[in-house]
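Q: Before we start, here is the structure in question, set down as structure tokens.
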2 protein chains.
Amino acid sequence: MKEIAKLMNFRESVKVVDATLRDGGLVNDFYFSDEFSKALYETNVAAGVDYMEFGYKADKTMFDVNKFGKWKFCNDDDIRAIVGDNNTNLKLAVMTDVGRCNYKEDVQDRANSPVDLIRVATYLHQIPSAIAMIEDAKKKGYEVSCNIMAISNTQETELKIALEELGKSPVDCIYIVDSYGSLYPESIQRLTAMYKEVADKYGKVLGIHAHNNQQVAFANTIEAVADGVDWLDATYGSMGRGAGNCAMELLIGFLKNPKYKLYPVLKFVENYINELKKQGVVWGFDMQYLITGILNQHPRTAIAFTKDQRTDYADFFNECQAQE
Amino acid sequence: MKEIAKLMNFRESVKVVDATLRDGGLVNDFYFSDEFSKALYETNVAAGVDYMEFGYKADKTMFDVNKFGKWKFCNDDDIRAIVGDNNTNLKLAVMTDVGRCNYKEDVQDRANSPVDLIRVATYLHQIPSAIAMIEDAKKKGYEVSCNIMAISNTQETELKIALEELGKSPVDCIYIVDSYGSLYPESIQRLTAMYKEVADKYGKVLGIHAHNNQQVAFANTIEAVADGVDWLDATYGSMGRGAGNCAMELLIGFLKNPKYKLYPVLKFVENYINELKKQGVVWGFDMQYLITGILNQHPRTAIAFTKDQRTDYADFFNECQAQE
């Protein structure tokens with residue numbers, strides 16, 4: 001029987017990670033107003049959220065700072081302008097992408113930074129580079145997590161080797177990531193069992209980052225938490241690339257730890273998320289994402305379909321199948 | 001391990017039931033055009049859907065025929081105008097509500113009707129009346145299913161008594177119905193185990209009718225099918241009261257029986273469901289339904305909130321809590 005099966009209980013080790021600015025930034029090129037970012041920060045504090053991810057530490061020699069909002073780069077000073085000294089229980093996170101982050105220079109020692117957690121994102125074939133970044137961040141004093149992306153397209157044997165390597169690294173948390181939104185709760189249950197074997201062996205915690213292509217981001221997240229996964233990513237209004245993520249309002253509504261409060265979450269959706277939608281920022285479940293999810297394909301074609309304001313779903317289904 | 005856990009298999013006994021006209025009719029007072037109804041019928045045939053529910057057999061002495069579209073009443077002739085002789089594998093269904101259906105007169109013998117399946121909907125306290133309707137429909141030659149509504153607000157002991165009574169009745173299929181959208185996949189797993197004990201004892205099949213208040217209608221449905229539930233309700237574009245139902249496009253995309261085809265489903269959403277939305281028909285997941293779902297309350301206040309075009313979710317949350 002699952003630990004949270006009784007649905008009345010909670011586990012102290014469960015942490016909620018707000019990824020709105022980071023994953024949401026992928027749909028508006030990180031152009032959030034400071035008012036939005038501050039309100040989000042205050043909401044997270046009030047709602048009892050455990051971590052807030054600001055964005056990426058993108059390499060400025062690779063990405064033009066004039067073409068993106070500030071959370072593509074997450075300068076420490078920009079974060080400080082939002083959080084001040086951050087005398088709260090909310091910890092702050094940034095994401096560093098393997099191959100797209102000049103981490104040696106751009107990630108300062110934790111003692112000099114408002115950031116608490118470095119989230120390393122990697123593809124399977126980049127694991128050695130990811131481990132170098134994990135070691136660097138750990139040496140600088142950070143908590144460190146690692147996302148292995150696109151696992152639904154990998155061989156289990158290779159994934160197991162990667163997990164063993166991560167197990168031996170100083171990483172704190174290993175994330176199960178459903179990049180293509182192709183996984184069902186039953187797949188999550190099996191994957192979690194595989195990840196948990198390594199996590200238990202090496203004393204790591206597990207996290208989950210789900211996508212909503214098949215409207216199961218929340219269902220996959222609560223399946224994972226019942227299977228022993230502790231760090232749960234969510235975004236307000238599901239805001240995120242393509243079909244978006246597990247909705248913060250669903251997750252906070254589900255979790256039974258009394259520190260989590262739904263009222264401020266609803267208030268933020270009401271005042272800020274709906275406003276973004278009115279401004280024409282587009283994300284969320286739709287047929288094109290369902291299609292790439294079912295076919296276990298990268299959502300890039302579905303994102304282009306959305307951008308082109310196409311609605312010929314059935315033809316798009318044929319196009320995607322032709323690419324198989 | 002669950003039977004469909006491999007996700008590559010399918011079970012012949014699984015049936016898909018399209019409830020678009022019936023549950024969807026609750027958001028547009030059943031004012032569907034004949035073109036819509038015909039296209040839906042043809043889509044169901046092409047997609048391999050097993051049953052199509054047309055609507056209710058509402059008592060014309062209780063409801064004004066001038067205030068609703070025809071599928072509130074489902075005259076046999078109106079159905080025939082859509083399906084002709086229905087020389088297809090698609091079976092046809094109508095719903096009869098306990099206390100709101102003059103079934104003795106309005107339900108003809110099956111031999112004289114295009115309808116194959118009578119779906120009796122009942123609250124727990126009406127079970128004896130439901131059984132009288134089941135017996136009547138069975139005597140007239142129909143397949144018969146029974147929905148016990150609002151079970152999330154009932155005592156398990158009473159529910160078990162009702163299930164035993166239904167078990168002894170001639171009903172063919174007993175439905176697990178999440179009227180308030182308050183159930184999670186784990187709750188479905190436990191409920192299914194309870195229903196299945198009775199179903200196996202009396203040789204009945206089980207069905208599921210889910211609501212999407214917490215974006216788990218599809219997740220609950222695939223949990224149920226993995227636990228042995230055979231009849232699966234879905235609606236195109238999730239169209240249905242409040243937050244709507246399990247989406248047909250998700251369900252057909254998930255099921256592996258080769259008779260199910262996703263292409264016509266997508267085509268119907270593209271051509272007809274999106275058109276309804278453009279016309280201003282409103283349904284689907286939103287904060288107000290999440291709130292009544294979490295609080296295990298009837299969605300009527302959330303439906304009123306939607307109708308009033310309110311967006312003050314946080315205040316609504318307080319109002320609902322005050323009603324506890």
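Convention: chains lettered A, B, ... in structure tokens order; per-chain residue numbering from 1; ligands numbered from 1 as shown.
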Taking 5 positions as the minimum chain separation for residues in the same chain, which residues sit within 10 Å of A:Asn245 when counting only C-alpha atoms? Answer as a list in words.
A: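 In the requested format, the answer is Ala19, Thr20, Asp23, Gly24, Asp178, Gly181, His209, Ala210, His211, Asn212, Asn213, Gln215, Val216, Ala217, Phe218, Thr221, Asp233, Ala234, Thr235, Tyr236, Gly237, Ser238, Met239, Gly240, Trp283, Gly284 and Phe285 of chain A.
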Q: Distance cut-off 10 Å, counting only C-alpha atoms - which residues of chain A neighbour chain B? Return them as a ChimeraX atom specification.
A: /A:2,4-7,184-187,189-190,212-220,222-223,226,237,246-247,249-251,253-254,262-271,274,286-288,290-291,293-295,311-318
Q: For atom CA of B:Ser13 and atom CA of B:Met248, quote the distance in Å rounded to one decimal.
A: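 For atom CA of B:Ser13 relative to atom CA of B:Met248, the distance reads 17.9 Å.
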Q: Enumerate the residues of stretch 152-193 of chain B with a DSSP assignment of helix (DSSP H, G or I), computed from the backbone, and present them as a ChimeraX atom specification.
A: /B:152-153,156-168,185-193
Q: Would you export the selected residues with N, CA, C and O atoms as a short mmCIF file (atom, residue, chain, number, x, y, z; two decimals), in the first residue's frame, please?
A:
data_model
loop_
_atom_site.label_atom_id
_atom_site.label_comp_id
_atom_site.auth_asym_id
_atom_site.auth_seq_id
_atom_site.Cartn_x
_atom_site.Cartn_y
_atom_site.Cartn_z
N SER B 152 -19.16 10.31 -3.13
CA SER B 152 -18.09 10.82 -2.27
C SER B 152 -18.64 11.43 -0.98
O SER B 152 -17.91 11.71 -0.05
N ASN B 153 -19.95 11.63 -0.95
CA ASN B 153 -20.58 12.18 0.26
C ASN B 153 -21.37 11.13 1.03
O ASN B 153 -22.20 11.48 1.87
N GLU B 156 -19.60 4.49 3.50
CA GLU B 156 -19.28 3.25 2.79
C GLU B 156 -20.28 2.13 3.12
O GLU B 156 -20.64 1.33 2.26
N THR B 157 -20.71 2.09 4.37
CA THR B 157 -21.64 1.03 4.79
C THR B 157 -22.93 1.10 3.99
O THR B 157 -23.44 0.08 3.52
N GLU B 158 -23.46 2.32 3.82
CA GLU B 158 -24.70 2.47 3.07
C GLU B 158 -24.48 2.16 1.60
O GLU B 158 -25.32 1.55 0.94
N LEU B 159 -23.32 2.60 1.09
CA LEU B 159 -23.00 2.34 -0.32
C LEU B 159 -22.95 0.83 -0.57
O LEU B 159 -23.47 0.34 -1.59
N LYS B 160 -22.39 0.09 0.38
CA LYS B 160 -22.30 -1.37 0.21
C LYS B 160 -23.68 -2.02 0.18
O LYS B 160 -23.91 -2.93 -0.61
N ILE B 161 -24.59 -1.51 1.00
CA ILE B 161 -25.95 -2.05 0.98
C ILE B 161 -26.59 -1.80 -0.38
O ILE B 161 -27.19 -2.69 -0.98
N ALA B 162 -26.40 -0.57 -0.89
CA ALA B 162 -26.97 -0.24 -2.20
C ALA B 162 -26.38 -1.13 -3.29
O ALA B 162 -27.09 -1.60 -4.19
N LEU B 163 -25.07 -1.37 -3.21
CA LEU B 163 -24.42 -2.20 -4.23
C LEU B 163 -24.96 -3.62 -4.18
O LEU B 163 -25.19 -4.24 -5.24
N GLU B 164 -25.21 -4.12 -2.99
CA GLU B 164 -25.79 -5.47 -2.85
C GLU B 164 -27.17 -5.52 -3.51
O GLU B 164 -27.50 -6.47 -4.23
N GLU B 165 -27.97 -4.47 -3.27
CA GLU B 165 -29.31 -4.44 -3.87
C GLU B 165 -29.21 -4.43 -5.39
O GLU B 165 -29.95 -5.13 -6.08
N LEU B 166 -28.30 -3.61 -5.90
CA LEU B 166 -28.12 -3.56 -7.36
C LEU B 166 -27.61 -4.90 -7.88
O LEU B 166 -27.98 -5.34 -8.96
N GLY B 167 -26.74 -5.50 -7.10
CA GLY B 167 -26.20 -6.81 -7.50
C GLY B 167 -27.32 -7.81 -7.72
O GLY B 167 -27.31 -8.59 -8.68
N LYS B 168 -28.31 -7.76 -6.84
CA LYS B 168 -29.43 -8.71 -6.95
C LYS B 168 -30.41 -8.32 -8.06
O LYS B 168 -31.25 -9.12 -8.45
N PRO B 185 -6.98 9.28 -8.18
CA PRO B 185 -6.79 7.90 -8.62
C PRO B 185 -6.72 6.91 -7.47
O PRO B 185 -7.25 5.79 -7.57
N GLU B 186 -6.11 7.31 -6.35
CA GLU B 186 -6.04 6.36 -5.23
C GLU B 186 -7.41 6.06 -4.64
O GLU B 186 -7.67 4.94 -4.19
N SER B 187 -8.30 7.07 -4.63
CA SER B 187 -9.66 6.83 -4.13
C SER B 187 -10.39 5.90 -5.10
O SER B 187 -11.17 5.03 -4.69
N ILE B 188 -10.15 6.12 -6.40
CA ILE B 188 -10.80 5.27 -7.42
C ILE B 188 -10.38 3.82 -7.24
O ILE B 188 -11.20 2.89 -7.32
N GLN B 189 -9.10 3.62 -6.94
CA GLN B 189 -8.59 2.27 -6.76
C GLN B 189 -9.33 1.57 -5.60
O GLN B 189 -9.75 0.42 -5.73
N ARG B 190 -9.52 2.30 -4.50
CA ARG B 190 -10.20 1.70 -3.35
C ARG B 190 -11.68 1.45 -3.64
O ARG B 190 -12.25 0.41 -3.30
N LEU B 191 -12.33 2.45 -4.28
CA LEU B 191 -13.75 2.29 -4.61
C LEU B 191 -13.97 1.13 -5.57
O LEU B 191 -14.92 0.36 -5.43
N THR B 192 -13.07 1.04 -6.55
CA THR B 192 -13.21 -0.03 -7.54
C THR B 192 -13.14 -1.39 -6.85
O THR B 192 -13.91 -2.30 -7.17
N ALA B 193 -12.23 -1.52 -5.90
CA ALA B 193 -12.11 -2.78 -5.18
C ALA B 193 -13.44 -3.12 -4.49
O ALA B 193 -13.89 -4.27 -4.52
#
Q: Write out as a list in words which residues come within 9 Å of A:Ala199 when counting only C-alpha atoms, dropping same-chain ones fewer than 3 positions away.
A: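 Selected residues are Leu163, Gly167, Cys173, Ile174, Met194, Tyr195, Lys196, Tyr202, Gly203, Lys204, Val205 and Leu206 of chain A.
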Q: Residues near A:Lys38, anyone? I mean within 12 Å using only C-alpha atoms, not counting same-chain ones fewer than 3 positions away, as number ranges by chain.
A: A: 21, 32-35, 41-45, 52, 54, 78-84, 86, 268, 272
Q: Any chance you could list, as a PyMOL selection string, the residues in stretch 111-195 of chain B that come up strand (DSSP E) when DSSP is run on the backbone?
A: chain B and resi 117-122+143-148+173-177
Q: Check the smallest atom-to-atom distance from each of A:Ile127, A:Ala39, A:Val16, A:Ile303 to A:Gly242 using only C-alpha atoms, then report the winner.
A: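 Result for the nearest residue to A:Gly242: A:Ile303.
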Q: Separation of atom CA of B:Tyr289 and atom CA of B:Ala302, in Å?
A: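 Straight-line distance from atom CA of B:Tyr289 to atom CA of B:Ala302 works out to 5.8 Å.
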Q: One number please: atom CA of A:Val171 to atom CA of A:Asn75, in Å, one decimal.
A: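 These atoms are spaced 23.0 Å apart.
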Q: What lies within 10 Å of A:Pro128 using only C-alpha atoms, ignoring chain neighbours under 3 positions off, as a compact mmCIF listing (two decimals) with N, CA, C and O atoms, in the first residue's frame?
A:
# COMPACT_ATOMS: atom_id res chain seq x y z
N VAL A 98 23.31 21.99 -19.07
CA VAL A 98 24.59 21.50 -19.58
C VAL A 98 24.82 22.06 -20.99
O VAL A 98 23.93 22.00 -21.84
N THR A 122 20.16 18.06 -17.80
CA THR A 122 21.06 17.36 -18.71
C THR A 122 20.30 16.34 -19.56
O THR A 122 19.27 15.81 -19.14
N LEU A 124 20.80 12.56 -21.41
CA LEU A 124 21.48 11.35 -20.96
C LEU A 124 22.94 11.31 -21.42
O LEU A 124 23.84 10.93 -20.65
N HIS A 125 23.18 11.74 -22.65
CA HIS A 125 24.53 11.63 -23.21
C HIS A 125 25.50 12.67 -22.64
O HIS A 125 26.68 12.65 -22.95
N ILE A 131 27.82 16.01 -14.21
CA ILE A 131 28.47 15.70 -12.94
C ILE A 131 29.55 16.73 -12.62
O ILE A 131 29.71 17.13 -11.46
N ALA A 132 30.25 17.20 -13.65
CA ALA A 132 31.23 18.28 -13.42
C ALA A 132 30.54 19.52 -12.86
O ALA A 132 31.05 20.18 -11.94
N MET A 133 29.37 19.82 -13.39
CA MET A 133 28.61 20.99 -12.91
C MET A 133 28.08 20.76 -11.50
O MET A 133 28.06 21.68 -10.67
N ILE A 134 27.64 19.55 -11.23
CA ILE A 134 27.15 19.21 -9.87
C ILE A 134 28.28 19.39 -8.86
O ILE A 134 28.09 20.00 -7.79
N ALA A 162 23.34 5.86 -16.03
CA ALA A 162 23.38 7.29 -15.69
C ALA A 162 22.98 7.51 -14.23
O ALA A 162 23.60 8.32 -13.51
N GLU A 165 25.80 6.70 -11.96
CA GLU A 165 26.82 7.76 -11.97
C GLU A 165 26.37 8.94 -11.09
O GLU A 165 27.15 9.50 -10.32
N LEU A 166 25.10 9.31 -11.24
CA LEU A 166 24.57 10.40 -10.41
C LEU A 166 24.56 10.00 -8.95
O LEU A 166 24.83 10.82 -8.06
Q: Might you pull out every residue within 7 Å of B:Tyr175, with only C-alpha atoms counted and same-chain residues fewer than 6 positions away left off, and present them as a ChimeraX atom specification?
A: /B:146-148,206-209
